There are 2 protein chains.
Amino acid sequence: MIYDFSSRYVSKTATKSVSEFEYDAPSMKTAVPGPNDIQLCLSPGPQNVGAVHFFCNYEESRGNYLVDVDGNRMLDVYTQISSIPIGYNHPALMKVMTNPNNVSTFVNRPALGILPPENFPDKLIESLLSIAPSGMRRVQTMACGSCSNENAFKTMFIWYRNKERGYANPSEHEVDTCMINQSPGCPDLSILSFMGAFHGRTLGCLATTHSKAIHKLDIPSFDWPIAPFPKLQYPLEEFVRENAQEEARCLEEVEDLIVKWRQKGKPVAGIVIEPIQAEGGDNHASPDFFSKLRNIARKHGCAFHVDEVQTGGGTTGKFWGHEHWGLDDPADVVSFSKKLLTGGYYHRDELKPDKPYRIFNTWMGDPSKNLFLSEVLNVIRRENLLEVVTRSGKALLQGLYTLQTQYPHILSRARGQGTFCAIDACNDATRDSIMIKARNKGLFMGSCGEKTIRFRPALVFKEYHVHQLLNILNDVLAEHK
Amino acid sequence: MIYDFSSRYVSKTATKSVSEFEYDAPSMKTAVPGPNDIQLCLSPGPQNVGAVHFFCNYEESRGNYLVDVDGNRMLDVYTQISSIPIGYNHPALMKVMTNPNNVSTFVNRPALGILPPENFPDKLIESLLSIAPSGMRRVQTMACGSCSNENAFKTMFIWYRNKERGYANPSEHEVDTCMINQSPGCPDLSILSFMGAFHGRTLGCLATTHSKAIHKLDIPSFDWPIAPFPKLQYPLEEFVRENAQEEARCLEEVEDLIVKWRQKGKPVAGIVIEPIQAEGGDNHASPDFFSKLRNIARKHGCAFHVDEVQTGGGTTGKFWGHEHWGLDDPADVVSFSKKLLTGGYYHRDELKPDKPYRIFNTWMGDPSKNLFLSEVLNVIRRENLLEVVTRSGKALLQGLYTLQTQYPHILSRARGQGTFCAIDACNDATRDSIMIKARNKGLFMGSCGEKTIRFRPALVFKEYHVHQLLNILNDVLAEHK
């Protein structure tokens, strides 16, 4: 199906089926930022606001539409950096708040590791365990994505050292040296990551993040190995042979690095990778690449950690991005956050720490977020949202193909899985200008990489929303010519 | 005032003034863990539960009393590792939940750094800014204590490097090297911490944590300097001269380490310290020590970071533990979490990062926690809870002095500020046994260090609660004789 941008009929009829709780289209009153917004930015208060796009009116926002403080209503395909699963003010989530049985969960935040609420195991089973990736029956909740990856790394280090010492108790020397940050108690282990990756910005995570200098400059780091991530050509179907070569090159480099770092005395305890590099510019790789990478991890005794913080939660058309790979040998760790509303990670039984308190902090998550998550999962099932994502994603990618054919001097490399789509502009200035113009017409998008526009709509993004998006983008590009 | 444990009259009359929302005493139906609890622990579900003390019924918990799944109602002086500010199910917090104006804040968690809600600056001013430590007008919220300290460290690193390069732009070489974890882009900077400290368990924080081996074993770390924390004798008033000598020794070591690490090419960008080392065993130091330490930081160009994650929020009788020091030259960074319900840190204007996105993550806190915090602060003011803490703290410490006089072979080193009190047992087995016996009589306490009992009641812990606590503890000790 190719969209015909000469006629706008498709999207106009489609809007009639809009969910009752939602608006039916963007509606702009001013440019963004508008006068109220500018006022707020000029008296910015005590928090640093240099990165603020605009101030929002969340009360008035609905479904796929984000309303700003000037009453501008935008189709939001960035969704709070991909962290709003079923749109704004979804009635199912409002109900969680008004159910008197839930009040206590919100007002008494427990130290989950030592004093869990009676119903916590059941709530976990009903929420996170009901969507557990293949091979995983254990989950550890955490407060955010960075904490999830930090603790996933720790889990892999502990597992690796236990293997190394043959599951014996640590020596006195290890116990003593760990207290002063020295080996062997604090061993020189490493995590292998990929150039272009983003796994968070706390010091451990940041040592595996390599997407933008602004994340890393001036922060001390670890000497850990960094492999090249395949630089594929799109559409993937048209460059199968070239891409396979590129992936083979990267995998060879991975094995070389594992050997090299072992020789350096900094063995690789784990490999961490995103199913699609998001912050780094929406870089894809094939199922074959990931499954060979998994085999390399297995071969060298490294844990295999799939970071699903941005890809998890349904946005690729499957609940987890890595389900598209069809792995025979599941991952060892899968971390999540954002659309899951709580951070955390699943792990294989084998990676369960040998002692309590090895993975621990005060809150270890927030049960009130699990209440919301249960409702989100109900809505996903009830409304078949994974199918919706698959359908909308096809329409979106097809539309992006059409646009890049129409505007080849501006757009290229349309790519995506589900609604997790992206397209490159010819340079960053053009990308930024397209985004600002689109925003003023009621379409709010995100950026990533050097010159990429990323689409991260909520799971309730339907085909008529795709049409709205494509129409606005087409208008902007037509004017840009 | 010395308590007379031969008569229990004091506490019996006092319970009549109990707040209406609270119970008036502990009430035990079974030993802890009881049969329901054991059942739950035997079918533990998907989350690791090795550290679980018992499962709780938070709906039935009120004020200072925590109810478990067997209907046992305990006086809780551990309060979820010191993170419940005004007791369980406080009516003021329940009201936050039932106010329809608040619903949107709970169901639409924003990416605060880019799309804050319209009222967020006002909510910050009304909550966190209204209690800002001296010299601080800027605050950055975060999701938990570890993230707060991680980002506080990053803020100090960025500030330090900007000073070093004379506020010029980073070189191309710095930008390139930071992407691959190498200096000068990722510089060899360090944070000086103290033996016995606890600042969190993510990899950056963990490099400054030195309280227990179980926190650190098998996790790679940084070669950062670790100074001795003064080992004082208690009561402080009786050992002024000896303690001053010990503190002078530690301060000298701090300066030596700063010089030594500069020579090693790993300059100290910041010094981090707790006002009272909590997890490490409730170790105190004098205002004079802290103020000299602050001067050393100033002299050597290091930032001075006070970690108030456990001491903040009123528990020492002042809102911040470091207010007791009377510093002329305020700290550079003050981090918080736990009783503040949201993580975060204040910093001086001078430490504001020079560019947006240098300190950033998806959520950067959670505005729904600020709603609760505003109410907590209202309650603290309305009910003069800092005075309550001071009064209860005096009674508690006095009672602990009496107990250690009565049981000198079991107890020693009673110490505290406000209700942030502790006492040592003769060894860890005795400490653990006292805690279990007390729990079975309805008093739930925490431990820290090697053989210390720590008291961390909520701010609504009144004198008659102190009497309940002391009576139970006295009963346990009398049987222990």
# chains A, B, ... in the order shown; residues from 1 in each chain; ligands from 1

$ residues_around --residues "Asn361 in chain A" --least-positions-apart "3" --cutoff "8 Å" --atoms "only C-alpha atoms" --output "list of chain:residue names"
A:Gly113, A:Met364, B:Gly200, B:Arg201

$ write_last_selection --atoms "all heavy atoms" --output "mmCIF file, in the first residue's frame"
data_model
loop_
_atom_site.group_PDB
_atom_site.id
_atom_site.type_symbol
_atom_site.label_atom_id
_atom_site.label_comp_id
_atom_site.auth_asym_id
_atom_site.auth_seq_id
_atom_site.Cartn_x
_atom_site.Cartn_y
_atom_site.Cartn_z
ATOM 1 N N GLY A 113 12.486 -5.196 49.620
ATOM 2 C CA GLY A 113 13.395 -6.317 49.824
ATOM 3 C C GLY A 113 13.267 -6.957 51.191
ATOM 4 O O GLY A 113 13.621 -8.122 51.366
ATOM 5 N N MET A 364 13.811 -0.717 45.999
ATOM 6 C CA MET A 364 13.764 -1.821 45.023
ATOM 7 C C MET A 364 12.488 -1.828 44.186
ATOM 8 O O MET A 364 11.863 -2.878 44.004
ATOM 9 C CB MET A 364 13.915 -3.167 45.742
ATOM 10 C CG MET A 364 15.230 -3.275 46.486
ATOM 11 S SD MET A 364 15.480 -4.857 47.251
ATOM 12 C CE MET A 364 16.374 -5.717 45.970
ATOM 13 N N GLY B 200 25.239 4.185 48.653
ATOM 14 C CA GLY B 200 24.461 3.550 47.601
ATOM 15 C C GLY B 200 25.233 2.427 46.953
ATOM 16 O O GLY B 200 26.414 2.207 47.261
ATOM 17 N N ARG B 201 24.561 1.706 46.022
ATOM 18 C CA ARG B 201 25.116 0.459 45.527
ATOM 19 C C ARG B 201 25.179 0.345 44.010
ATOM 20 O O ARG B 201 25.439 -0.733 43.488
ATOM 21 C CB ARG B 201 24.333 -0.707 46.143
ATOM 22 C CG ARG B 201 24.440 -0.687 47.677
ATOM 23 C CD ARG B 201 23.696 -1.806 48.338
ATOM 24 N NE ARG B 201 24.203 -3.088 47.906
ATOM 25 C CZ ARG B 201 23.904 -4.259 48.482
ATOM 26 N NH1 ARG B 201 23.106 -4.262 49.548
ATOM 27 N NH2 ARG B 201 24.383 -5.373 48.027
#

$ residues_around --residues "Tyr65 in chain A" --least-positions-apart "3" --cutoff "7 Å" --atoms "only C-alpha atoms" --output "PyMOL selection string"
chain A and resi 61-62+73-76

$ closest_residue --among "A:Ala478, A:Val254, A:Leu340, A:Val52" --to "chain B" --atoms "only C-alpha atoms"
A:Val52

$ residues_around --residues "Cys56 in chain A" --least-positions-apart "6" --cutoff "7 Å" --atoms "only C-alpha atoms" --output "list in words"
Val67, Asp68 and Val69 of chain A; Leu115, Pro116, Pro117 and Glu118 of chain B

$ write_last_selection --atoms "N, CA and C atoms" --output "compact mmCIF listing (two decimals), in the first residue's frame"
# COMPACT_ATOMS: atom_id res chain seq x y z
N VAL A 67 -1.17 18.19 25.32
CA VAL A 67 -1.59 19.59 25.29
C VAL A 67 -0.56 20.42 26.04
N ASP A 68 -0.15 21.54 25.47
CA ASP A 68 0.84 22.39 26.15
C ASP A 68 0.13 23.50 26.94
N VAL A 69 0.89 24.34 27.61
CA VAL A 69 0.29 25.37 28.48
C VAL A 69 -0.37 26.50 27.71
N LEU B 115 9.65 17.88 29.34
CA LEU B 115 8.23 18.21 29.24
C LEU B 115 7.58 18.32 30.62
N PRO B 116 8.06 19.24 31.44
CA PRO B 116 7.52 19.32 32.81
C PRO B 116 6.07 19.80 32.82
N PRO B 117 5.31 19.39 33.84
CA PRO B 117 3.96 19.91 33.98
C PRO B 117 4.01 21.41 34.31
N GLU B 118 2.96 22.08 33.92
CA GLU B 118 2.87 23.53 34.13
C GLU B 118 3.22 23.92 35.56

$ closest_residue --among "A:Leu386, A:Ala248, A:Leu124, A:Leu192" --to "chain B" --atoms "only C-alpha atoms"
A:Leu124

$ residues_around --residues "range 262-265 of chain A" --least-positions-apart "6" --cutoff "12 Å" --atoms "only C-alpha atoms" --output "ChimeraX atom specification"
/A:183-184,187-192,223-225,255-256,300-302

$ residues_around --residues "Phe420 in chain A" --least-positions-apart "6" --cutoff "7 Å" --atoms "only C-alpha atoms" --output "PyMOL selection string"
chain A and resi 315-316+455-456

$ select_by_dssp --residues "range 179-419 of chain A" --states "alpha helix (DSSP H)" --output "number ranges by chain"
A: 203-206, 213-216, 240-263, 287-300, 367-382, 385-406
